[in-house]
file data09.csv (CSV, C-alpha atoms and all ligand atoms)
chain,number,residue,atom,x,y,z
A,1,MET,CA,0.0,0.0,0.0
A,2,PHE,CA,1.0,3.6,-0.4
A,3,ALA,CA,2.7,5.1,2.7
A,4,VAL,CA,4.9,7.9,4.0
A,5,TYR,CA,7.6,6.4,6.3
A,6,ALA,CA,10.9,6.8,8.1
A,7,GLU,CA,13.6,4.7,6.4
A,8,HIS,CA,16.3,5.9,8.8
A,9,VAL,CA,16.5,8.6,11.5
A,10,ASP,CA,18.9,11.5,11.7
A,11,GLN,CA,18.9,13.9,14.6
A,12,HIS,CA,20.3,16.8,12.7
A,13,ASP,CA,18.7,16.3,9.2
A,14,PRO,CA,15.3,14.8,9.9
A,15,LEU,CA,14.1,14.9,6.3
A,16,ALA,CA,17.0,12.7,5.1
A,17,GLY,CA,15.2,9.5,6.1
A,18,LEU,CA,11.7,10.5,4.9
A,19,ARG,CA,10.4,8.2,2.1
A,20,VAL,CA,7.2,8.1,0.1
A,21,GLY,CA,6.5,4.8,-1.5
A,22,GLU,CA,5.0,1.3,-0.9
A,23,ARG,CA,4.9,-0.6,2.4
A,24,PRO,CA,3.1,-3.9,3.1
A,25,ALA,CA,-0.3,-3.6,4.7
A,26,ALA,CA,-0.4,-4.6,8.4
A,27,GLU,CA,-2.5,-7.6,9.6
A,28,ALA,CA,-5.2,-6.8,12.1
A,29,PRO,CA,-4.8,-8.9,15.3
A,30,ALA,CA,-7.8,-10.0,17.4
A,31,GLY,CA,-9.5,-6.9,18.8
A,32,TRP,CA,-8.0,-4.6,16.2
A,33,THR,CA,-9.6,-3.2,13.1
A,34,ARG,CA,-8.8,-1.4,9.8
A,35,VAL,CA,-9.5,2.2,8.9
A,36,TRP,CA,-9.2,3.4,5.3
A,37,VAL,CA,-7.6,6.8,5.6
A,38,GLN,CA,-9.1,9.8,3.9
A,39,ALA,CA,-7.1,12.5,5.6
A,40,ALA,CA,-4.2,12.6,8.1
A,41,SER,CA,-2.5,15.6,9.7
A,42,LEU,CA,1.2,16.3,10.4
A,43,ASN,CA,2.4,16.9,14.0
A,44,HIS,CA,5.8,17.9,15.3
A,45,HIS,CA,5.8,14.3,16.7
A,46,ASP,CA,6.5,13.1,13.1
A,47,ILE,CA,9.6,15.3,13.0
A,48,TRP,CA,10.8,14.1,16.4
A,49,SER,CA,10.3,10.5,15.0
A,50,LEU,CA,12.6,11.3,12.0
A,51,ARG,CA,15.1,12.7,14.5
A,52,GLY,CA,15.0,9.3,16.3
A,53,ALA,CA,13.1,10.5,19.4
A,54,GLY,CA,10.9,7.7,20.5
A,55,LEU,CA,11.7,5.7,17.4
A,56,PRO,CA,14.7,3.4,17.9
A,57,ALA,CA,16.5,2.1,14.8
A,58,GLN,CA,15.3,-1.5,15.3
A,59,ARG,CA,11.7,-0.4,14.6
A,60,LEU,CA,12.5,1.0,11.2
A,61,PRO,CA,11.2,1.4,8.5
A,62,MET,CA,8.1,2.9,10.3
A,63,ILE,CA,5.1,4.4,8.7
A,64,LEU,CA,4.7,7.9,10.2
A,65,GLY,CA,1.6,9.8,11.3
A,66,CYS,CA,-0.5,9.8,14.5
A,67,ASP,CA,-3.7,11.4,13.2
A,68,ALA,CA,-6.3,10.1,10.8
A,69,ALA,CA,-9.9,10.4,9.7
A,70,GLY,CA,-11.4,7.9,7.3
A,71,VAL,CA,-14.0,5.1,7.0
A,72,ASP,CA,-14.2,1.9,9.0
A,73,GLU,CA,-14.8,-1.6,7.7
A,74,ASP,CA,-18.6,-0.8,7.4
A,75,GLY,CA,-17.9,2.3,5.4
A,76,GLU,CA,-18.9,4.6,8.4
A,77,PRO,CA,-17.0,7.9,8.9
A,78,VAL,CA,-14.6,7.6,11.8
A,79,VAL,CA,-11.6,9.3,13.5
A,80,VAL,CA,-8.7,7.5,15.1
A,81,HIS,CA,-7.5,8.0,18.7
A,82,ALA,CA,-3.7,7.8,18.5
A,83,VAL,CA,-3.0,6.7,22.1
A,84,ILE,CA,-2.4,2.9,22.1
A,85,ALA,CA,-2.7,1.7,25.7
A,86,ASP,CA,-2.7,-1.8,27.3
A,87,PRO,CA,-6.2,-3.2,26.6
A,88,ASP,CA,-6.6,-4.0,30.3
A,89,THR,CA,-6.0,-0.3,31.3
A,90,VAL,CA,-8.8,0.9,33.5
A,91,GLY,CA,-9.4,4.6,33.7
A,92,ASP,CA,-7.0,7.2,32.2
A,93,GLU,CA,-5.0,5.5,29.5
A,94,THR,CA,-2.5,8.4,29.3
A,95,PHE,CA,-1.2,7.2,32.6
A,96,ASP,CA,-0.4,3.7,31.3
A,97,PRO,CA,3.4,3.7,31.4
A,98,LYS,CA,3.5,1.3,28.4
A,99,ARG,CA,1.2,3.4,26.2
A,100,THR,CA,2.6,4.4,22.8
A,101,LEU,CA,1.4,6.7,20.0
A,102,LEU,CA,0.7,5.4,16.5
A,103,SER,CA,3.9,5.4,14.5
A,104,GLU,CA,6.1,4.7,17.6
A,105,LEU,CA,5.5,0.9,17.9
A,106,HIS,CA,2.6,0.3,15.5
A,107,PRO,CA,2.5,1.6,11.9
A,108,GLY,CA,1.1,5.1,11.7
A,109,THR,CA,-1.6,6.9,9.7
A,110,PHE,CA,0.3,8.3,6.7
A,111,ALA,CA,-0.9,5.4,4.5
A,112,ASP,CA,-3.9,4.1,2.5
A,113,GLU,CA,-5.0,2.3,5.7
A,114,VAL,CA,-4.1,1.9,9.4
A,115,VAL,CA,-4.8,-0.9,11.8
A,116,VAL,CA,-5.8,0.1,15.4
A,117,PRO,CA,-7.5,-1.4,18.4
A,118,ARG,CA,-11.3,-1.2,18.1
A,119,ARG,CA,-11.5,1.1,21.1
A,120,ASN,CA,-9.3,3.6,19.3
A,121,VAL,CA,-11.9,4.2,16.6
A,122,LEU,CA,-14.5,6.9,17.3
A,123,ARG,CA,-17.5,7.8,15.2
A,124,ARG,CA,-17.0,11.1,13.3
A,125,PRO,CA,-19.9,13.6,13.7
A,126,ALA,CA,-21.6,14.3,10.3
A,127,SER,CA,-20.8,18.0,10.8
A,128,LEU,CA,-17.0,17.4,10.7
A,129,SER,CA,-15.2,16.9,7.4
A,130,ALA,CA,-12.5,14.3,7.2
A,131,VAL,CA,-9.9,17.1,6.8
A,132,ASP,CA,-11.1,18.8,10.0
A,133,ALA,CA,-11.4,15.6,11.9
A,134,ALA,CA,-7.9,14.6,10.9
A,135,CYS,CA,-6.5,17.6,12.8
A,136,LEU,CA,-7.9,16.5,16.1
A,137,PRO,CA,-6.3,13.4,17.5
A,138,THR,CA,-3.0,14.9,18.6
A,139,SER,CA,-2.9,18.7,18.6
A,140,TRP,CA,-6.5,19.4,19.5
A,141,LEU,CA,-6.9,16.6,22.0
A,142,THR,CA,-3.7,17.7,23.7
A,143,ALA,CA,-4.9,21.3,23.9
A,144,TYR,CA,-8.3,20.1,25.2
A,145,ARG,CA,-6.7,18.1,28.0
A,146,MET,CA,-4.3,21.0,28.9
A,147,LEU,CA,-7.1,23.5,29.2
A,148,PHE,CA,-10.1,21.5,30.6
A,149,THR,CA,-8.5,18.7,32.6
A,150,ARG,CA,-5.0,19.8,33.7
A,151,SER,CA,-5.1,23.6,34.1
A,152,GLY,CA,-7.7,24.2,36.9
A,153,LEU,CA,-8.9,27.2,34.8
A,154,ARG,CA,-12.5,28.4,35.3
A,155,SER,CA,-14.5,30.5,32.9
A,156,GLY,CA,-13.5,34.2,33.1
A,157,ASP,CA,-9.9,33.3,34.1
A,158,THR,CA,-7.0,34.6,32.0
A,159,VAL,CA,-4.8,32.1,30.1
A,160,LEU,CA,-1.5,32.8,28.3
A,161,VAL,CA,-0.7,30.7,25.2
A,162,GLN,CA,3.0,30.7,24.4
A,163,GLY,CA,3.3,30.7,20.6
A,164,ALA,CA,0.5,31.4,18.1
A,165,GLY,CA,1.1,29.4,14.9
A,166,GLY,CA,1.6,25.8,15.9
A,167,GLY,CA,-1.1,23.1,15.7
A,168,VAL,CA,-1.4,22.9,19.5
A,169,ALA,CA,-1.2,26.7,19.9
A,170,THR,CA,-4.0,27.4,17.4
A,171,ALA,CA,-6.1,24.7,19.0
A,172,LEU,CA,-5.5,26.3,22.5
A,173,ILE,CA,-6.6,29.7,21.2
A,174,SER,CA,-9.8,28.4,19.7
A,175,LEU,CA,-10.7,26.0,22.6
A,176,ALA,CA,-9.8,28.6,25.3
A,177,ARG,CA,-12.1,31.1,23.7
A,178,ALA,CA,-14.9,28.5,23.4
A,179,GLY,CA,-14.3,27.7,27.1
A,180,GLY,CA,-15.0,31.2,28.2
A,181,PHE,CA,-11.4,32.2,29.2
A,182,ARG,CA,-9.6,35.5,28.6
A,183,VAL,CA,-7.0,34.5,26.0
A,184,TRP,CA,-3.6,36.1,25.8
A,185,VAL,CA,-1.1,34.9,23.2
A,186,THR,CA,2.6,35.5,22.5
A,187,SER,CA,4.2,35.1,19.1
A,188,ARG,CA,7.6,35.7,17.5
A,189,ASP,CA,5.9,37.1,14.4
A,190,GLU,CA,3.6,40.1,14.1
A,191,GLN,CA,1.6,38.6,11.3
A,192,ARG,CA,0.9,35.3,13.2
A,193,GLY,CA,0.0,37.5,16.2
A,194,GLN,CA,-2.5,39.3,14.0
A,195,ARG,CA,-4.0,36.0,12.9
A,196,ALA,CA,-4.3,34.9,16.5
A,197,LEU,CA,-6.4,38.0,17.2
A,198,GLU,CA,-8.6,37.1,14.2
A,199,LEU,CA,-8.9,33.6,15.7
A,200,GLY,CA,-10.3,34.9,19.0
A,201,ALA,CA,-7.3,35.9,21.2
A,202,HIS,CA,-8.2,38.9,23.3
A,203,GLU,CA,-4.6,40.3,23.3
A,204,VAL,CA,-1.3,39.4,21.6
A,205,PHE,CA,2.2,40.2,22.8
A,206,ALA,CA,5.7,39.7,21.3
A,207,SER,CA,7.4,36.6,22.7
A,208,GLY,CA,9.0,37.4,26.1
A,209,ALA,CA,7.2,40.8,26.4
A,210,ARG,CA,6.2,42.2,29.8
A,211,LEU,CA,2.5,41.6,30.4
A,212,PRO,CA,0.0,44.1,31.8
A,213,ARG,CA,-0.8,41.8,34.7
A,214,ARG,CA,-0.2,38.2,35.7
A,215,VAL,CA,-2.3,35.3,34.4
A,216,ASP,CA,-4.1,32.4,36.0
A,217,ALA,CA,-2.4,29.8,33.8
A,218,VAL,CA,0.1,29.4,31.0
A,219,MET,CA,0.0,26.8,28.3
A,220,ASP,CA,3.5,26.1,27.1
A,221,THR,CA,4.5,23.9,24.1
A,222,VAL,CA,7.7,25.8,23.3
A,223,GLY,CA,9.9,24.7,26.3
A,224,GLN,CA,13.4,26.2,26.8
A,225,ALA,CA,12.8,29.5,24.9
A,226,THR,CA,9.6,30.5,26.9
A,227,TRP,CA,10.0,28.8,30.2
A,228,GLU,CA,11.3,31.8,32.1
A,229,HIS,CA,8.6,34.0,30.7
A,230,SER,CA,5.9,31.5,31.5
A,231,ILE,CA,7.0,31.3,35.2
A,232,ARG,CA,7.2,35.2,35.4
A,233,ALA,CA,3.7,35.5,33.9
A,234,LEU,CA,1.9,33.5,36.6
A,235,ARG,CA,0.0,35.0,39.5
A,236,PRO,CA,0.6,33.5,42.9
A,237,GLY,CA,-0.9,30.0,42.9
A,238,GLY,CA,-1.1,30.0,39.1
A,239,THR,CA,-0.5,26.9,36.9
A,240,LEU,CA,2.0,26.3,34.1
A,241,VAL,CA,0.9,23.4,31.9
A,242,THR,CA,3.8,22.1,29.9
A,243,THR,CA,3.4,19.6,27.0
A,244,GLY,CA,6.2,20.3,24.5
A,245,VAL,CA,9.7,21.4,23.9
A,246,THR,CA,9.9,22.6,20.3
A,247,SER,CA,12.8,25.0,21.2
A,248,GLY,CA,14.6,22.6,23.5
A,249,ALA,CA,14.1,20.5,26.7
A,250,LYS,CA,16.9,21.7,28.9
A,251,LEU,CA,16.4,24.5,31.4
A,252,PRO,CA,19.8,26.0,32.2
A,253,ASP,CA,18.8,28.5,34.9
A,254,VAL,CA,15.7,27.7,37.0
A,255,ASP,CA,14.9,30.0,39.9
A,256,LEU,CA,13.1,27.7,42.4
A,257,ASN,CA,12.5,30.6,44.8
A,258,ARG,CA,9.7,32.0,42.7
A,259,ILE,CA,8.1,28.6,42.3
A,260,PHE,CA,7.7,27.9,46.0
A,261,LEU,CA,7.3,31.5,47.3
A,262,LEU,CA,4.4,32.1,44.8
A,263,GLN,CA,3.2,28.5,45.2
A,264,LEU,CA,3.1,27.9,41.5
A,265,ARG,CA,2.0,24.6,40.1
A,266,ILE,CA,4.0,23.0,37.2
A,267,VAL,CA,1.8,20.4,35.6
A,268,GLY,CA,2.7,18.0,32.8
A,269,SER,CA,0.1,17.0,30.2
A,270,THR,CA,0.2,14.5,27.4
A,271,MET,CA,-2.3,13.7,24.6
A,272,GLY,CA,-5.8,12.8,26.1
A,273,THR,CA,-8.1,9.9,26.8
A,274,ARG,CA,-10.7,8.3,24.6
A,275,ALA,CA,-13.4,10.0,26.8
A,276,GLU,CA,-11.8,13.4,26.4
A,277,PHE,CA,-11.6,12.8,22.6
A,278,GLY,CA,-15.3,12.1,22.6
A,279,ALA,CA,-16.0,15.3,24.6
A,280,LEU,CA,-13.8,17.2,22.1
A,281,LEU,CA,-15.8,15.9,19.1
A,282,ASP,CA,-19.0,16.9,20.9
A,283,LEU,CA,-17.6,20.4,21.6
A,284,LEU,CA,-16.8,20.9,17.9
A,285,ASP,CA,-20.1,19.5,16.8
A,286,THR,CA,-22.1,21.8,19.1
A,287,THR,CA,-20.1,25.0,18.9
A,288,GLY,CA,-19.1,25.0,15.2
A,289,VAL,CA,-15.5,25.6,16.3
A,290,ARG,CA,-13.1,24.2,13.6
A,291,PRO,CA,-9.4,23.7,13.2
A,292,VAL,CA,-7.3,26.3,11.4
A,293,ILE,CA,-5.7,24.7,8.4
A,294,ASP,CA,-2.4,26.1,7.2
A,295,THR,CA,-2.0,23.8,4.1
A,296,THR,CA,-3.8,20.8,2.6
A,297,LEU,CA,-1.6,18.6,0.3
A,298,PRO,CA,-2.1,15.3,-1.5
A,299,MET,CA,-0.2,12.7,0.7
A,300,ASP,CA,2.3,12.0,-2.0
A,301,GLN,CA,3.6,15.6,-1.5
A,302,ALA,CA,4.1,15.0,2.2
A,303,ALA,CA,7.7,16.1,2.1
A,304,THR,CA,6.6,19.7,1.2
A,305,GLY,CA,4.5,19.7,4.4
A,306,PHE,CA,7.3,18.4,6.6
A,307,ARG,CA,9.6,21.1,5.2
A,308,ARG,CA,7.0,23.8,5.9
A,309,MET,CA,6.7,22.7,9.5
A,310,LEU,CA,10.5,22.5,10.0
A,311,ASP,CA,10.7,26.1,8.7
A,312,GLY,CA,8.5,27.2,11.6
A,313,GLN,CA,6.3,29.6,9.6
A,314,ILE,CA,3.0,27.7,9.9
A,315,PHE,CA,-0.3,28.9,11.2
A,316,GLY,CA,-2.5,26.0,12.0
A,317,LYS,CA,-2.5,22.4,10.8
A,318,ILE,CA,-0.9,20.7,7.7
A,319,VAL,CA,-3.2,18.0,6.4
A,320,PHE,CA,-2.5,15.3,3.8
A,321,THR,CA,-5.3,13.9,1.8
A,322,LEU,CA,-5.8,10.6,-0.1
A,401,LIG,N1,3.0,15.8,25.0
A,401,LIG,C1,2.1,15.6,24.0
A,401,LIG,O1,1.3,14.8,24.1
A,401,LIG,C2,2.2,16.5,22.8
A,401,LIG,C3,1.1,16.6,21.9
A,401,LIG,C4,1.2,17.4,20.9
A,401,LIG,C5,2.3,18.3,20.7
A,401,LIG,N2,3.3,18.2,21.6
A,401,LIG,C6,4.5,19.0,21.4
A,401,LIG,O2,4.1,20.4,21.4
A,401,LIG,C7,5.0,21.1,20.5
A,401,LIG,C8,4.1,21.9,19.5
A,401,LIG,O3,3.7,21.1,18.5
A,401,LIG,P1,2.9,21.6,17.3
A,401,LIG,O4,2.5,20.4,16.5
A,401,LIG,O5,1.9,22.6,17.7
A,401,LIG,O6,3.9,22.2,16.3
A,401,LIG,P2,5.2,23.2,16.3
A,401,LIG,O7,5.4,23.4,14.8
A,401,LIG,O8,6.3,22.7,17.1
A,401,LIG,O9,4.6,24.6,16.9
A,401,LIG,C9,5.5,25.6,17.0
A,401,LIG,C10,4.9,26.6,18.0
A,401,LIG,O10,5.9,27.0,18.9
A,401,LIG,C11,6.1,28.4,18.9
A,401,LIG,N3,7.6,28.6,18.9
A,401,LIG,C12,8.5,27.8,18.3
A,401,LIG,N4,9.7,28.2,18.6
A,401,LIG,C13,9.6,29.2,19.4
A,401,LIG,C14,10.6,30.0,20.1
A,401,LIG,N5,11.9,29.9,19.9
A,401,LIG,N6,10.1,31.0,20.9
A,401,LIG,C15,8.8,31.2,21.0
A,401,LIG,N7,7.8,30.4,20.4
A,401,LIG,C16,8.3,29.4,19.6
A,401,LIG,C17,5.4,28.9,17.6
A,401,LIG,O11,4.8,30.1,17.8
A,401,LIG,P3,5.1,31.4,16.8
A,401,LIG,O12,5.6,30.8,15.5
A,401,LIG,O13,3.7,32.0,16.6
A,401,LIG,O14,6.0,32.2,17.5
A,401,LIG,C18,4.3,27.8,17.4
A,401,LIG,O15,3.2,28.1,18.1
A,401,LIG,C19,5.9,20.1,19.9
A,401,LIG,O16,7.1,20.1,20.6
A,401,LIG,C20,5.2,18.8,20.1
A,401,LIG,O17,6.1,17.7,20.1
A,401,LIG,C21,3.3,17.3,22.6

call {"tool": "encode", "arguments": {"input": "data09.csv", "output": "structure tokens"}}
result
Amino acid sequence: MFAVYAEHVDQHDPLAGLRVGERPAAEAPAGWTRVWVQAASLNHHDIWSLRGAGLPAQRLPMILGCDAAGVDEDGEPVVVHAVIADPDTVGDETFDPKRTLLSELHPGTFADEVVVPRRNVLRRPASLSAVDAACLPTSWLTAYRMLFTRSGLRSGDTVLVQGAGGGVATALISLARAGGFRVWVTSRDEQRGQRALELGAHEVFASGARLPRRVDAVMDTVGQATWEHSIRALRPGGTLVTTGVTSGAKLPDVDLNRIFLLQLRIVGSTMGTRAEFGALLDLLDTTGVRPVIDTTLPMDQAATGFRRMLDGQIFGKIVFTL
């Protein structure tokens, strides 16, 4: 079958190992099912995979992609939940220490078809196109859990989103607005800041800028470059939700004084549960909120999308169609 896959990994030149071609279709073990992919979206995770993060050499070649929308074996429209947990996990599957994301251990979604556990297939509301639904399983679900499960925010609170253009950042802006929060955003780029305002942000600031007052919570997917600003932005008792390290994972100079004196909460968050995914689908169905799409490309032009994400100029999601 047609697939986009990592043939080898390279920490410094991630696109060197990217291939578009033919791969054998996977067998569906008992309890698993096949989804025919109509659309799949790109995440920074796919670039980390090509750099070798979470994808050891012995698992190569590996079909990339966490997110897909398509049709199931009965021809019904569905969307795929990318978190593959132990089938015996009870409760929150993101806490299963052995969980993986599609494309880490099992072949991913950038292909004609993907094989997943039955519980990872959710019905797609009729109001959602395959392209819109394909944006949701990673970026949007992550943003949903950060805001509505992990942050402690209540409607009327002020949230700062670090970065405007990324898939998670644009999801955070839209969902925070839908959740009734006051939404502040930083961006390195004036134009992307302007687009964040059009998307619903109440105020936009240059990355690292002094804010008019402190916020109740910060959503940070950037890591090293924004950490200090995120900590300084919080009111006493405020919460920093961290979920990504696009600019780097190491923190050279952390002032613990501020963290304990202001009683700040530093909270990790990763992906989301099947139940949260169901709630996210309902939210989009009832509110009409939709993902911002930067670019839609036929999947055989996936390399163009990867390059665009690496350049760091995107605003919204990159979607591949079949
Ligand atoms: N833990 C999880 O479950 C999970 C799930 C999804 C994503 N993630 C992680 O979250 C991160 C974001 O992913 P993504 O798919 O949204 O794509 P992305 O392309 O990494 O998003 C880039 C975002 O980071 C901002 N940014 C990048 N470099 C920056 C810098 N030096 N200073 C300030 N802002 C910077 C950009 O804002 P501007 O360009 O507007 O400044 C943009 O909003 C990735 O690291 C990804 O691995 C983690």

call {"tool": "residues_near_point", "arguments": {"input": "data09.csv", "point": "(-2.3, -3.2, 10.3)", "cutoff": "10 Å", "atoms": "all atoms listed in the file", "output": "PyMOL selection string"}}
result
chain A and resi 24-29+32-35+106-108+113-117

call {"tool": "closest_residue", "arguments": {"input": "data09.csv", "among": "A:Ala69, A:Ala57, A:Ile47, A:Ala201", "to": "ligand LIG 401 (chain A)", "atoms": "all atoms listed in the file"}}
result
A:Ile47

call {"tool": "residues_around", "arguments": {"input": "data09.csv", "residues": "Val183 (chain A)", "least_positions_apart": "4", "cutoff": "7 Å", "atoms": "all atoms listed in the file", "output": "MDAnalysis selection string"}}
result
chainID A and resid 158:160 173 176:177 201:203

call {"tool": "write_last_selection", "arguments": {"input": "data09.csv", "atoms": "C-alpha atoms", "output": "compact mmCIF listing (two decimals), in the frame of the given file"}}
result
# COMPACT_ATOMS: atom_id res chain seq x y z
CA THR A 158 -7.00 34.60 32.00
CA VAL A 159 -4.80 32.10 30.10
CA LEU A 160 -1.50 32.80 28.30
CA ILE A 173 -6.60 29.70 21.20
CA ALA A 176 -9.80 28.60 25.30
CA ARG A 177 -12.10 31.10 23.70
CA ALA A 201 -7.30 35.90 21.20
CA HIS A 202 -8.20 38.90 23.30
CA GLU A 203 -4.60 40.30 23.30

call {"tool": "closest_residue", "arguments": {"input": "data09.csv", "among": "A:Val245, A:Val185, A:Val9, A:Ala143", "to": "ligand LIG 401 (chain A)", "atoms": "only C-alpha atoms and all ligand atoms"}}
result
A:Val245

call {"tool": "residues_around", "arguments": {"input": "data09.csv", "residues": "Ser127 (chain A)", "least_positions_apart": "4", "cutoff": "12 Å", "atoms": "all atoms listed in the file", "output": "list in words"}}
result
Pro77, Arg123, Val131, Asp132, Ala133, Leu281, Asp282, Leu283, Leu284, Asp285, Thr286, Thr287, Gly288, Val289 and Arg290 of chain A

call {"tool": "residues_around", "arguments": {"input": "data09.csv", "residues": "Cys135 (chain A)", "least_positions_apart": "2", "cutoff": "7 Å", "atoms": "all atoms listed in the file", "output": "VMD selection string"}}
result
chain A and resid 41 67 131 to 133 137 139 to 140 291 317

call {"tool": "write_last_selection", "arguments": {"input": "data09.csv", "atoms": "C-alpha atoms", "output": "compact mmCIF listing (two decimals), in the frame of the given file"}}
result
# COMPACT_ATOMS: atom_id res chain seq x y z
CA SER A 41 -2.50 15.60 9.70
CA ASP A 67 -3.70 11.40 13.20
CA VAL A 131 -9.90 17.10 6.80
CA ASP A 132 -11.10 18.80 10.00
CA ALA A 133 -11.40 15.60 11.90
CA PRO A 137 -6.30 13.40 17.50
CA SER A 139 -2.90 18.70 18.60
CA TRP A 140 -6.50 19.40 19.50
CA PRO A 291 -9.40 23.70 13.20
CA LYS A 317 -2.50 22.40 10.80

call {"tool": "residues_near_point", "arguments": {"input": "data09.csv", "point": "(-11.4, 15.6, 22.6)", "cutoff": "8 Å", "atoms": "only C-alpha atoms", "output": "tab-separated table (two decimals) with C-alpha atoms, in the coordinates of the input"}}
result
chain	number	residue	atom	x	y	z
A	136	LEU	CA	-7.90	16.50	16.10
A	137	PRO	CA	-6.30	13.40	17.50
A	140	TRP	CA	-6.50	19.40	19.50
A	141	LEU	CA	-6.90	16.60	22.00
A	144	TYR	CA	-8.30	20.10	25.20
A	145	ARG	CA	-6.70	18.10	28.00
A	272	GLY	CA	-5.80	12.80	26.10
A	273	THR	CA	-8.10	9.90	26.80
A	274	ARG	CA	-10.70	8.30	24.60
A	275	ALA	CA	-13.40	10.00	26.80
A	276	GLU	CA	-11.80	13.40	26.40
A	277	PHE	CA	-11.60	12.80	22.60
A	278	GLY	CA	-15.30	12.10	22.60
A	279	ALA	CA	-16.00	15.30	24.60
A	280	LEU	CA	-13.80	17.20	22.10
A	281	LEU	CA	-15.80	15.90	19.10
A	282	ASP	CA	-19.00	16.90	20.90
A	283	LEU	CA	-17.60	20.40	21.60

call {"tool": "closest_residue", "arguments": {"input": "data09.csv", "among": "A:Ala53, A:Ala85, A:Ala217, A:Leu128", "to": "ligand LIG 401 (chain A)", "atoms": "all atoms listed in the file"}}
result
A:Ala53

call {"tool": "residues_around", "arguments": {"input": "data09.csv", "residues": "Ala82 (chain A)", "least_positions_apart": "2", "cutoff": "8 Å", "atoms": "all atoms listed in the file", "output": "number ranges by chain"}}
result
A: 66-67, 80, 84, 101-102, 120, 137-138

call {"tool": "atom_distance", "arguments": {"input": "data09.csv", "atom1": "CA of Arg192 (chain A)", "atom2": "CA of Ala164 (chain A)"}}
result
6.3 Å

call {"tool": "residues_around", "arguments": {"input": "data09.csv", "residues": "Ile318 (chain A)", "least_positions_apart": "3", "cutoff": "7 Å", "atoms": "only C-alpha atoms", "output": "VMD selection string"}}
result
chain A and resid 41 to 42 293 to 296 305

call {"tool": "atom_distance", "arguments": {"input": "data09.csv", "atom1": "CA of Leu262 (chain A)", "atom2": "CA of Leu240 (chain A)"}}
result
12.4 Å

call {"tool": "atom_distance", "arguments": {"input": "data09.csv", "atom1": "atom N4 of ligand LIG 401 (chain A)", "atom2": "CA of Thr186 (chain A)"}}
result
10.9 Å

call {"tool": "closest_residue", "arguments": {"input": "data09.csv", "among": "A:Met219, A:Val254, A:Ala225, A:Val161", "to": "ligand LIG 401 (chain A)", "atoms": "all atoms listed in the file"}}
result
A:Ala225

call {"tool": "closest_residue", "arguments": {"input": "data09.csv", "among": "A:Thr239, A:Ser187, A:Gln194, A:Ser230", "to": "ligand LIG 401 (chain A)", "atoms": "only C-alpha atoms and all ligand atoms"}}
result
A:Ser187
